[in-house]
file data28.csv (CSV, C-alpha atoms)
chain,number,residue,atom,x,y,z
A,1157,MET,CA,25.3,-5.7,0.6
A,1158,THR,CA,25.6,-5.3,4.3
A,1159,ASP,CA,24.8,-7.0,7.6
A,1160,ASN,CA,22.2,-4.9,9.4
A,1161,GLN,CA,24.4,-2.8,11.9
A,1162,ASP,CA,22.0,0.1,12.1
A,1163,GLY,CA,20.0,0.7,15.3
A,1164,PRO,CA,16.5,-0.5,15.5
A,1165,LEU,CA,13.5,1.6,14.7
A,1166,VAL,CA,12.0,2.6,18.0
A,1167,LEU,CA,8.3,2.3,17.9
A,1168,ASP,CA,5.9,4.8,19.5
A,1169,ARG,CA,3.8,3.5,22.3
A,1170,ASP,CA,0.7,2.7,20.3
A,1171,ARG,CA,2.5,0.8,17.5
A,1172,ALA,CA,4.6,-1.0,20.1
A,1173,LEU,CA,1.6,-2.2,22.0
A,1174,ARG,CA,-0.1,-3.2,18.8
A,1175,ALA,CA,3.0,-5.1,17.7
A,1176,PHE,CA,3.2,-6.9,21.1
A,1177,LYS,CA,-0.4,-8.0,20.9
A,1178,GLN,CA,0.1,-9.3,17.4
A,1179,LEU,CA,3.1,-11.4,18.5
A,1180,ILE,CA,1.0,-13.0,21.2
A,1181,LEU,CA,-2.0,-13.4,18.9
A,1182,ILE,CA,0.1,-15.2,16.3
A,1183,ARG,CA,1.7,-17.5,18.9
A,1184,ARG,CA,-1.6,-18.4,20.6
A,1185,PHE,CA,-3.4,-18.8,17.3
A,1186,ASP,CA,-1.0,-21.5,16.2
A,1187,GLU,CA,-0.8,-23.2,19.6
A,1188,ARG,CA,-4.6,-23.5,19.6
A,1189,ALA,CA,-4.6,-24.6,15.9
A,1190,LEU,CA,-2.3,-27.5,16.9
A,1191,GLN,CA,-4.7,-28.4,19.7
A,1192,TYR,CA,-7.6,-28.4,17.1
A,1193,ARG,CA,-5.5,-30.6,14.8
A,1194,PHE,CA,-4.6,-33.2,17.4
A,1195,ALA,CA,-8.2,-33.3,18.5
A,1196,ASP,CA,-9.3,-33.9,14.9
A,1197,ARG,CA,-11.3,-30.8,14.9
A,1198,ILE,CA,-9.5,-29.6,11.7
A,1199,LEU,CA,-8.1,-31.7,8.9
A,1200,GLY,CA,-4.9,-31.6,6.8
A,1201,THR,CA,-1.3,-30.7,7.5
A,1202,MET,CA,-0.4,-27.7,9.6
A,1203,HIS,CA,2.9,-25.8,9.5
A,1204,PRO,CA,3.2,-23.9,12.8
A,1205,TYR,CA,4.8,-20.4,12.8
A,1206,THR,CA,5.8,-20.6,16.4
A,1207,GLY,CA,9.1,-18.8,17.1
A,1208,GLN,CA,9.1,-16.7,13.9
A,1209,GLU,CA,6.5,-14.1,14.9
A,1210,ALA,CA,8.8,-11.1,15.0
A,1211,VAL,CA,9.5,-11.4,11.2
A,1212,ALA,CA,5.8,-11.1,10.1
A,1213,VAL,CA,5.0,-8.4,12.7
A,1214,GLY,CA,8.2,-6.4,11.9
A,1215,VAL,CA,7.7,-6.6,8.2
A,1216,CYS,CA,4.1,-5.6,8.2
A,1217,LEU,CA,4.8,-2.6,10.5
A,1218,ALA,CA,6.6,-1.0,7.6
A,1219,LEU,CA,3.8,-1.7,5.1
A,1220,GLU,CA,0.8,0.4,4.2
A,1221,PRO,CA,-2.8,-1.0,3.8
A,1222,ASP,CA,-2.5,-0.8,0.0
A,1223,ASP,CA,0.7,-2.8,-0.1
A,1224,ARG,CA,0.4,-6.4,-1.0
A,1225,LEU,CA,1.9,-9.5,0.5
A,1226,VAL,CA,2.4,-13.1,-0.7
A,1227,SER,CA,2.8,-15.9,1.8
A,1228,ASN,CA,3.9,-19.5,1.9
A,1229,HIS,CA,2.9,-22.8,3.5
A,1230,ARG,CA,3.7,-21.4,7.0
A,1231,GLY,CA,1.4,-18.4,6.6
A,1232,HIS,CA,-0.8,-17.9,9.7
A,1233,GLY,CA,1.5,-15.3,11.1
A,1234,HIS,CA,1.7,-13.3,7.8
A,1235,CYS,CA,-2.1,-13.2,7.6
A,1236,ILE,CA,-2.6,-12.0,11.2
A,1237,ALA,CA,0.2,-9.4,10.9
A,1238,LYS,CA,-1.3,-8.0,7.7
A,1239,GLY,CA,-4.7,-7.6,9.5
A,1240,ALA,CA,-6.7,-10.7,8.6
A,1241,ASP,CA,-9.8,-11.4,10.6
A,1242,VAL,CA,-9.0,-14.3,13.0
A,1243,ASN,CA,-12.7,-15.3,13.1
A,1244,ARG,CA,-12.6,-16.0,9.4
A,1245,MET,CA,-9.2,-17.7,9.7
A,1246,VAL,CA,-10.4,-20.2,12.3
A,1247,ALA,CA,-13.5,-20.8,10.2
A,1248,GLU,CA,-11.3,-21.6,7.2
A,1249,LEU,CA,-9.3,-24.1,9.3
A,1250,PHE,CA,-12.6,-25.6,10.4
A,1251,GLY,CA,-13.7,-26.0,6.8
A,1252,ARG,CA,-16.7,-23.6,7.2
A,1253,LEU,CA,-18.5,-21.4,4.8
A,1254,ASP,CA,-17.5,-18.2,6.6
A,1255,GLY,CA,-13.8,-18.9,6.1
A,1256,PHE,CA,-11.7,-16.8,3.8
A,1257,CYS,CA,-11.9,-19.4,1.1
A,1258,LYS,CA,-15.4,-20.7,2.1
A,1259,GLY,CA,-13.8,-23.6,3.9
A,1260,LYS,CA,-12.1,-25.0,0.8
A,1261,GLY,CA,-8.6,-23.7,1.2
A,1262,GLY,CA,-7.6,-24.6,4.7
A,1263,SER,CA,-4.4,-23.7,6.5
A,1264,MET,CA,-2.1,-23.3,3.5
A,1265,HIS,CA,-4.4,-21.2,1.2
A,1266,ILE,CA,-5.8,-18.3,3.2
A,1267,ALA,CA,-6.2,-15.1,1.2
A,1268,ASP,CA,-7.8,-11.8,1.7
A,1269,PHE,CA,-7.4,-9.4,-1.3
A,1270,GLY,CA,-9.2,-6.7,0.7
A,1271,ILE,CA,-6.2,-6.2,3.0
A,1272,GLY,CA,-3.6,-7.0,0.3
A,1273,MET,CA,-3.0,-10.6,1.4
A,1274,LEU,CA,-2.7,-12.3,-2.0
A,1275,GLY,CA,-2.6,-15.8,-0.5
A,1276,ALA,CA,-0.6,-18.5,1.2
A,1277,ASN,CA,0.8,-21.2,-1.1
A,1278,GLY,CA,1.4,-24.9,-0.4
A,1279,ILE,CA,4.0,-25.2,-3.1
A,1280,VAL,CA,7.6,-24.2,-2.1
A,1281,ALA,CA,8.7,-20.9,-3.8
A,1282,ALA,CA,5.5,-20.7,-5.9
A,1283,GLY,CA,4.5,-17.4,-4.3
A,1284,LEU,CA,7.6,-15.6,-5.5
A,1285,PRO,CA,6.5,-15.3,-9.2
A,1286,ILE,CA,3.1,-14.2,-8.0
A,1287,ALA,CA,4.8,-11.4,-6.0
A,1288,ALA,CA,6.8,-10.4,-9.0
A,1289,GLY,CA,3.6,-10.1,-11.0
A,1290,SER,CA,2.0,-8.0,-8.3
A,1291,ALA,CA,5.0,-5.7,-8.2
A,1292,LEU,CA,4.9,-5.4,-12.0
A,1293,ALA,CA,1.3,-4.4,-11.9
A,1294,ALA,CA,2.1,-1.7,-9.3
A,1295,GLN,CA,4.9,-0.5,-11.5
A,1296,ILE,CA,2.6,-0.3,-14.5
A,1297,ARG,CA,-0.1,1.5,-12.6
A,1298,ASP,CA,2.5,3.7,-10.9
A,1299,ASP,CA,0.5,3.6,-7.7
A,1300,GLY,CA,3.4,3.7,-5.3
A,1301,SER,CA,2.6,0.4,-3.7
A,1302,VAL,CA,5.1,-2.4,-2.9
A,1303,THR,CA,4.7,-6.2,-2.7
A,1304,THR,CA,6.4,-8.4,-0.1
A,1305,ALA,CA,7.1,-12.1,-0.5
A,1306,PHE,CA,7.8,-14.4,2.4
A,1307,PHE,CA,9.8,-17.6,1.7
A,1308,GLY,CA,12.0,-20.0,3.6
A,1309,ASP,CA,15.7,-20.9,3.1
A,1310,GLY,CA,14.5,-24.2,1.4
A,1311,SER,CA,13.0,-22.1,-1.5
A,1312,THR,CA,16.5,-21.2,-2.7
A,1313,GLY,CA,16.8,-24.6,-4.4
A,1314,GLU,CA,13.8,-23.9,-6.6
A,1315,GLY,CA,13.9,-22.4,-10.1
A,1316,ALA,CA,11.0,-20.1,-9.3
A,1317,PHE,CA,13.2,-18.4,-6.7
A,1318,HIS,CA,15.9,-17.5,-9.2
A,1319,GLU,CA,13.5,-16.6,-12.0
A,1320,ALA,CA,11.6,-14.2,-9.7
A,1321,LEU,CA,14.8,-12.6,-8.4
A,1322,ASN,CA,16.2,-12.2,-11.9
A,1323,ILE,CA,13.2,-10.5,-13.4
A,1324,SER,CA,12.7,-8.3,-10.3
A,1325,ALA,CA,16.3,-7.0,-10.7
A,1326,LEU,CA,16.1,-6.6,-14.4
A,1327,TRP,CA,12.9,-4.5,-14.3
A,1328,LYS,CA,13.6,-2.9,-10.9
A,1329,LEU,CA,10.3,-4.1,-9.5
A,1330,PRO,CA,9.0,-2.7,-6.2
A,1331,VAL,CA,9.2,-5.9,-4.3
A,1332,ILE,CA,10.8,-7.0,-1.0
A,1333,TRP,CA,12.0,-10.6,-0.8
A,1334,VAL,CA,11.8,-11.7,2.8
A,1335,CYS,CA,13.6,-14.9,3.6
A,1336,GLU,CA,12.6,-16.3,7.0
A,1337,ASN,CA,15.7,-18.4,7.5
A,1338,ASN,CA,14.8,-20.7,10.3
A,1339,GLN,CA,17.9,-22.7,9.5
A,1340,TRP,CA,16.1,-26.0,8.7
A,1341,ALA,CA,14.5,-27.1,5.5
A,1342,ALA,CA,12.1,-29.5,7.1
A,1343,ASP,CA,14.7,-31.7,8.9
A,1344,THR,CA,17.7,-30.8,6.7
A,1345,PRO,CA,20.1,-28.2,8.3
A,1346,LEU,CA,21.0,-25.2,6.3
A,1347,GLU,CA,24.7,-26.2,5.9
A,1348,GLU,CA,23.6,-29.4,4.1
A,1349,SER,CA,21.3,-27.7,1.6
A,1350,LEU,CA,22.9,-24.3,0.8
A,1351,PRO,CA,26.5,-23.9,-0.2
A,1352,LEU,CA,26.4,-20.1,0.3
A,1353,LYS,CA,25.4,-20.4,4.0
A,1354,SER,CA,23.6,-17.1,3.8
A,1355,VAL,CA,20.6,-16.5,1.7
A,1356,HIS,CA,21.1,-12.7,1.4
A,1357,THR,CA,24.3,-13.2,-0.5
A,1358,PHE,CA,22.2,-14.3,-3.5
A,1359,GLY,CA,21.9,-10.5,-4.0
A,1360,LEU,CA,25.4,-10.5,-5.3
A,1361,ALA,CA,24.4,-12.6,-8.3
A,1362,TYR,CA,21.4,-10.5,-9.2
A,1363,GLY,CA,22.6,-7.0,-8.2
A,1364,ILE,CA,20.0,-6.7,-5.5
A,1365,PRO,CA,20.7,-4.8,-2.3
A,1366,ALA,CA,20.4,-7.2,0.6
A,1367,GLU,CA,20.6,-7.3,4.4
A,1368,LEU,CA,21.1,-9.9,7.1
A,1369,VAL,CA,18.7,-9.1,9.9
A,1370,ASP,CA,18.1,-10.5,13.4
A,1371,GLY,CA,14.7,-12.1,12.9
A,1372,THR,CA,14.0,-12.3,16.6
A,1373,SER,CA,13.8,-8.5,16.9
A,1374,VAL,CA,10.6,-6.8,15.8
A,1375,GLU,CA,12.2,-3.4,15.6
A,1376,LEU,CA,15.3,-4.5,13.7
A,1377,VAL,CA,13.0,-6.3,11.1
A,1378,ALA,CA,10.8,-3.2,10.9
A,1379,SER,CA,13.8,-1.0,10.4
A,1380,ALA,CA,15.3,-3.1,7.6
A,1381,THR,CA,11.9,-3.4,5.9
A,1382,ALA,CA,11.3,0.4,6.1
A,1383,ARG,CA,14.6,1.0,4.3
A,1384,ALA,CA,13.6,-1.6,1.6
A,1385,VAL,CA,10.1,-0.1,1.2
A,1386,ALA,CA,11.5,3.4,0.8
A,1387,ARG,CA,13.9,2.2,-1.8
A,1388,ALA,CA,11.2,0.4,-3.7
A,1389,ARG,CA,8.8,3.3,-3.6
A,1390,ALA,CA,11.5,5.6,-5.0
A,1391,GLY,CA,12.1,3.3,-8.0
A,1392,GLY,CA,15.2,1.6,-6.6
A,1393,GLY,CA,13.9,-1.9,-7.2
A,1394,PRO,CA,13.9,-5.0,-5.0
A,1395,THR,CA,15.7,-5.8,-1.8
A,1396,ILE,CA,16.5,-9.2,-0.2
A,1397,LEU,CA,16.1,-9.4,3.6
A,1398,GLU,CA,17.4,-12.5,5.2
A,1399,CYS,CA,15.7,-12.7,8.7
A,1400,ARG,CA,17.5,-15.2,10.8
A,1401,THR,CA,14.9,-16.9,13.1
A,1402,PHE,CA,14.1,-20.3,14.5
A,1403,ARG,CA,11.2,-22.6,14.0
A,1404,TRP,CA,10.3,-24.0,17.5
A,1405,GLY,CA,8.4,-27.1,16.4
A,1406,VAL,CA,8.6,-29.7,13.7
A,1407,HIS,CA,8.2,-28.7,10.1
A,1408,ALA,CA,4.6,-29.9,9.9
A,1409,GLN,CA,2.0,-31.5,12.1
A,1410,ARG,CA,-0.8,-33.9,11.3
A,1411,ARG,CA,-3.3,-35.7,13.4
A,1412,ALA,CA,-0.8,-37.6,15.5
A,1413,PRO,CA,2.1,-35.5,16.9
A,1414,ILE,CA,5.2,-36.0,14.7
A,1415,PRO,CA,8.4,-36.5,16.8
A,1416,GLU,CA,11.2,-33.9,16.7
A,1417,LYS,CA,14.2,-35.1,14.7
A,1418,ARG,CA,16.5,-32.1,15.3
A,1419,PRO,CA,19.0,-32.4,18.1
A,1420,ALA,CA,17.5,-31.4,21.5
A,1421,GLU,CA,20.3,-29.0,22.2
A,1422,VAL,CA,19.7,-27.2,19.0
A,1423,VAL,CA,16.0,-26.8,19.7
A,1424,ALA,CA,16.7,-25.6,23.2
A,1425,ALA,CA,19.2,-23.0,22.0
A,1426,GLY,CA,16.8,-21.7,19.4
A,1427,LYS,CA,14.1,-21.2,22.0
A,1428,GLU,CA,16.3,-19.1,24.2
A,1429,ARG,CA,15.7,-16.1,21.9
A,1430,ASP,CA,11.9,-16.1,22.1
A,1431,PRO,CA,10.8,-13.0,20.2
A,1432,ILE,CA,7.9,-12.4,22.5
A,1433,VAL,CA,10.0,-12.5,25.6
A,1434,LEU,CA,12.7,-10.2,24.0
A,1435,PHE,CA,10.1,-7.6,23.0
A,1436,GLU,CA,8.3,-7.8,26.3
A,1437,ARG,CA,11.6,-7.0,28.1
A,1438,VAL,CA,12.1,-4.0,25.8
A,1439,LEU,CA,8.7,-2.6,26.5
A,1440,LEU,CA,9.0,-3.2,30.3
A,1441,ASP,CA,12.4,-1.5,30.3
A,1442,ARG,CA,11.0,1.5,28.4
A,1443,GLY,CA,8.0,1.8,30.7
A,1444,VAL,CA,5.6,1.2,27.8
A,1445,LEU,CA,4.2,-1.8,29.7
A,1446,ASP,CA,4.1,-3.2,33.2
A,1447,GLU,CA,3.4,-6.7,34.3
A,1448,GLY,CA,-0.3,-5.9,34.7
A,1449,GLY,CA,-0.4,-4.6,31.2
A,1450,VAL,CA,1.2,-7.8,29.8
A,1451,ASP,CA,-1.4,-9.9,31.6
A,1452,THR,CA,-4.2,-7.7,30.2
A,1453,ILE,CA,-3.0,-8.1,26.6
A,1454,ARG,CA,-2.7,-11.8,27.0
A,1455,GLN,CA,-6.2,-12.0,28.4
A,1456,HIS,CA,-7.6,-10.0,25.5
A,1457,VAL,CA,-5.9,-12.3,23.1
A,1458,GLU,CA,-7.5,-15.4,24.7
A,1459,GLU,CA,-10.9,-13.7,24.6
A,1460,GLU,CA,-10.5,-12.8,20.9
A,1461,LEU,CA,-9.5,-16.4,20.1
A,1462,ASP,CA,-12.4,-17.8,22.2
A,1463,GLU,CA,-14.8,-15.7,20.1
A,1464,ALA,CA,-13.1,-16.9,16.9
A,1465,GLU,CA,-13.7,-20.5,17.9
A,1466,ARG,CA,-17.3,-19.7,18.6
A,1467,PHE,CA,-17.7,-17.9,15.3
A,1468,ALA,CA,-16.2,-20.9,13.4
A,1469,GLU,CA,-18.3,-23.5,15.2
A,1470,ALA,CA,-21.5,-21.5,14.4
A,1471,SER,CA,-20.6,-21.3,10.7
A,1472,PRO,CA,-22.2,-23.9,8.4
A,1473,TYR,CA,-20.2,-26.3,6.2
A,1474,PRO,CA,-20.2,-25.5,2.5
A,1475,SER,CA,-22.8,-27.3,0.4
A,1476,PRO,CA,-21.6,-30.4,-1.5
A,1477,GLU,CA,-23.4,-29.0,-4.5
A,1478,ASP,CA,-20.9,-26.0,-4.4
A,1479,ALA,CA,-17.8,-28.1,-4.5
A,1480,LEU,CA,-16.7,-26.7,-7.8
A,1481,LEU,CA,-17.9,-23.1,-7.1
A,1482,ASP,CA,-15.0,-20.6,-7.3
A,1483,MET,CA,-12.6,-23.3,-8.4
A,1484,MET,CA,-12.4,-22.4,-12.1
A,1485,SER,CA,-13.4,-19.6,-14.5
A,1486,PRO,CA,-16.4,-20.2,-16.8
A,1487,VAL,CA,-15.6,-20.9,-20.5
A,1488,LEU,CA,-16.2,-17.7,-22.4

call {"tool": "encode", "arguments": {"input": "data28.csv", "output": "structure tokens"}}
result
Amino acid sequence: MTDNQDGPLVLDRDRALRAFKQLILIRRFDERALQYRFADRILGTMHPYTGQEAVAVGVCLALEPDDRLVSNHRGHGHCIAKGADVNRMVAELFGRLDGFCKGKGGSMHIADFGIGMLGANGIVAAGLPIAAGSALAAQIRDDGSVTTAFFGDGSTGEGAFHEALNISALWKLPVIWVCENNQWAADTPLEESLPLKSVHTFGLAYGIPAELVDGTSVELVASATARAVARARAGGGPTILECRTFRWGVHAQRRAPIPEKRPAEVVAAGKERDPIVLFERVLLDRGVLDEGGVDTIRQHVEEELDEAERFAEASPYPSPEDALLDMMSPVL
């Protein structure tokens, strides 16, 4: 069990530019989604991913298309990083028929099995046993694939977390447990909810290799994930990655903006390590991008999201007669 002291994986130009665009796309997707929510254009609770973008992008850089991923209630970034179509994502938020779940799932239940995205989940820690099952299936098929499960530090208090870790260690399942430790379980600080202070130290109890990673660095996250993926593919079993990050906004937003309860100085300090700004500086320093290139990427993102909004608005609502369609299996 070690803190991640290795140097970051240096991405080639094409992968670096793709990662940078994904960071901006995830940020702007959630910023726009909040605007839709406050304008009552979408319904239900939203859990913004703003500030945590480097974790999703870094992890998915180390995955292959056939690898699978399980998300949680804060899943927009995971979906985008794994390659989900933002047109269909916005349509799902708008409750439209062309959404990933035909408009019936909403923000917390987006899934696309075609890209290995097994779904977001509104129940804390409920995705972890699903990930263990996916990894067991891969092990039985011997197909060389891995499964990644994203969860927050608040999940460590759930029985499902411990059950999933235990069985994954016992059976050496090819699964990567990625904790996005944003240091707050809703409005409760980490030190008031977790006696260990670090989630990766749970690896000691289960005999699982673990790393503490700077979750604001795309390349450090990608490096740690690549090591975990290689170990899993070689039959070495699971890994725990604790990615220290920071959630910029409140835990969840509804129609009326919910006030921030965390101390203002804590929020300000967390925002100082903006993963987009940090990676932009890296790419500028390496000569991969110049200021004009940054502006071009940002403009392309806005155009892509404009088109996604038009796509969603043009999609019909599901028929009331189909309310129970796809909701349950027929009795055999």

call {"tool": "atom_distance", "arguments": {"input": "data28.csv", "atom1": "atom CA of Ala1378 of chain A", "atom2": "atom CA of Val1211 of chain A"}}
result
8.3 Å

call {"tool": "closest_residue", "arguments": {"input": "data28.csv", "among": "A:Arg1174, A:Arg1193, A:Pro1330, A:Phe1185", "to": "Leu1461 of chain A", "atoms": "only C-alpha atoms"}}
result
A:Phe1185

call {"tool": "closest_residue", "arguments": {"input": "data28.csv", "among": "A:Gly1231, A:Pro1413, A:Gly1261, A:Pro1394", "to": "Asn1322 of chain A", "atoms": "all atoms listed in the file"}}
result
A:Pro1394

call {"tool": "closest_residue", "arguments": {"input": "data28.csv", "among": "A:Asp1299, A:Glu1319, A:Asp1186, A:Asp1170", "to": "Ala1408 of chain A", "atoms": "all atoms listed in the file"}}
result
A:Asp1186

call {"tool": "closest_residue", "arguments": {"input": "data28.csv", "among": "A:Ser1373, A:Gln1208, A:Thr1304, A:Asn1243", "to": "Ile1332 of chain A", "atoms": "all atoms listed in the file"}}
result
A:Thr1304

call {"tool": "residues_around", "arguments": {"input": "data28.csv", "residues": "Asp1370 of chain A", "least_positions_apart": "6", "cutoff": "9 Å", "atoms": "only C-alpha atoms", "output": "list in words"}}
result
Asn1160, Val1211, Leu1376, Val1377, Glu1398, Cys1399, Arg1400 and Thr1401 of chain A

call {"tool": "closest_residue", "arguments": {"input": "data28.csv", "among": "A:Ile1266, A:Asp1343, A:Ala1366, A:Gly1283", "to": "Pro1415 of chain A", "atoms": "all atoms listed in the file"}}
result
A:Asp1343

call {"tool": "closest_residue", "arguments": {"input": "data28.csv", "among": "A:Ala1288, A:Leu1181, A:Leu1445, A:Ala1240", "to": "His1318 of chain A", "atoms": "only C-alpha atoms"}}
result
A:Ala1288

call {"tool": "decode", "arguments": {"input": "data28.csv", "residues": "segment 1467-1483 of chain A", "atoms": "N, CA and C atoms", "output": "compact mmCIF listing (two decimals), in the first residue's frame"}}
result
# COMPACT_ATOMS: atom_id res chain seq x y z
N PHE A 1467 -31.17 18.64 -30.17
CA PHE A 1467 -31.57 17.24 -30.32
C PHE A 1467 -32.60 16.85 -29.26
N ALA A 1468 -32.33 17.23 -28.03
CA ALA A 1468 -33.24 16.88 -26.92
C ALA A 1468 -34.59 17.55 -27.09
N GLU A 1469 -34.59 18.81 -27.46
CA GLU A 1469 -35.85 19.53 -27.61
C GLU A 1469 -36.69 18.96 -28.75
N ALA A 1470 -36.03 18.41 -29.77
CA ALA A 1470 -36.76 17.85 -30.91
C ALA A 1470 -37.28 16.45 -30.64
N SER A 1471 -36.79 15.83 -29.59
CA SER A 1471 -37.21 14.46 -29.27
C SER A 1471 -38.57 14.46 -28.60
N PRO A 1472 -39.44 13.52 -28.93
CA PRO A 1472 -40.77 13.47 -28.29
C PRO A 1472 -40.68 12.94 -26.86
N TYR A 1473 -41.73 13.22 -26.11
CA TYR A 1473 -41.87 12.61 -24.78
C TYR A 1473 -42.34 11.17 -24.94
N PRO A 1474 -41.98 10.29 -24.03
CA PRO A 1474 -42.50 8.92 -24.10
C PRO A 1474 -44.01 8.92 -23.92
N SER A 1475 -44.66 7.94 -24.51
CA SER A 1475 -46.11 7.83 -24.42
C SER A 1475 -46.52 7.36 -23.02
N PRO A 1476 -47.56 7.93 -22.45
CA PRO A 1476 -48.04 7.46 -21.14
C PRO A 1476 -48.40 5.97 -21.15
N GLU A 1477 -48.82 5.48 -22.31
CA GLU A 1477 -49.16 4.06 -22.40
C GLU A 1477 -47.94 3.15 -22.24
N ASP A 1478 -46.75 3.73 -22.39
CA ASP A 1478 -45.51 2.94 -22.28
C ASP A 1478 -44.84 3.11 -20.92
N ALA A 1479 -45.59 3.58 -19.94
CA ALA A 1479 -45.00 3.87 -18.63
C ALA A 1479 -44.32 2.66 -18.02
N LEU A 1480 -44.86 1.48 -18.22
CA LEU A 1480 -44.29 0.28 -17.62
C LEU A 1480 -43.38 -0.49 -18.57
N LEU A 1481 -43.24 0.00 -19.80
CA LEU A 1481 -42.39 -0.67 -20.77
C LEU A 1481 -40.94 -0.60 -20.31
N ASP A 1482 -40.24 -1.72 -20.38
CA ASP A 1482 -38.83 -1.84 -19.98
C ASP A 1482 -38.62 -1.77 -18.46
N MET A 1483 -39.69 -1.73 -17.69
CA MET A 1483 -39.55 -1.59 -16.25
C MET A 1483 -39.45 -2.93 -15.54
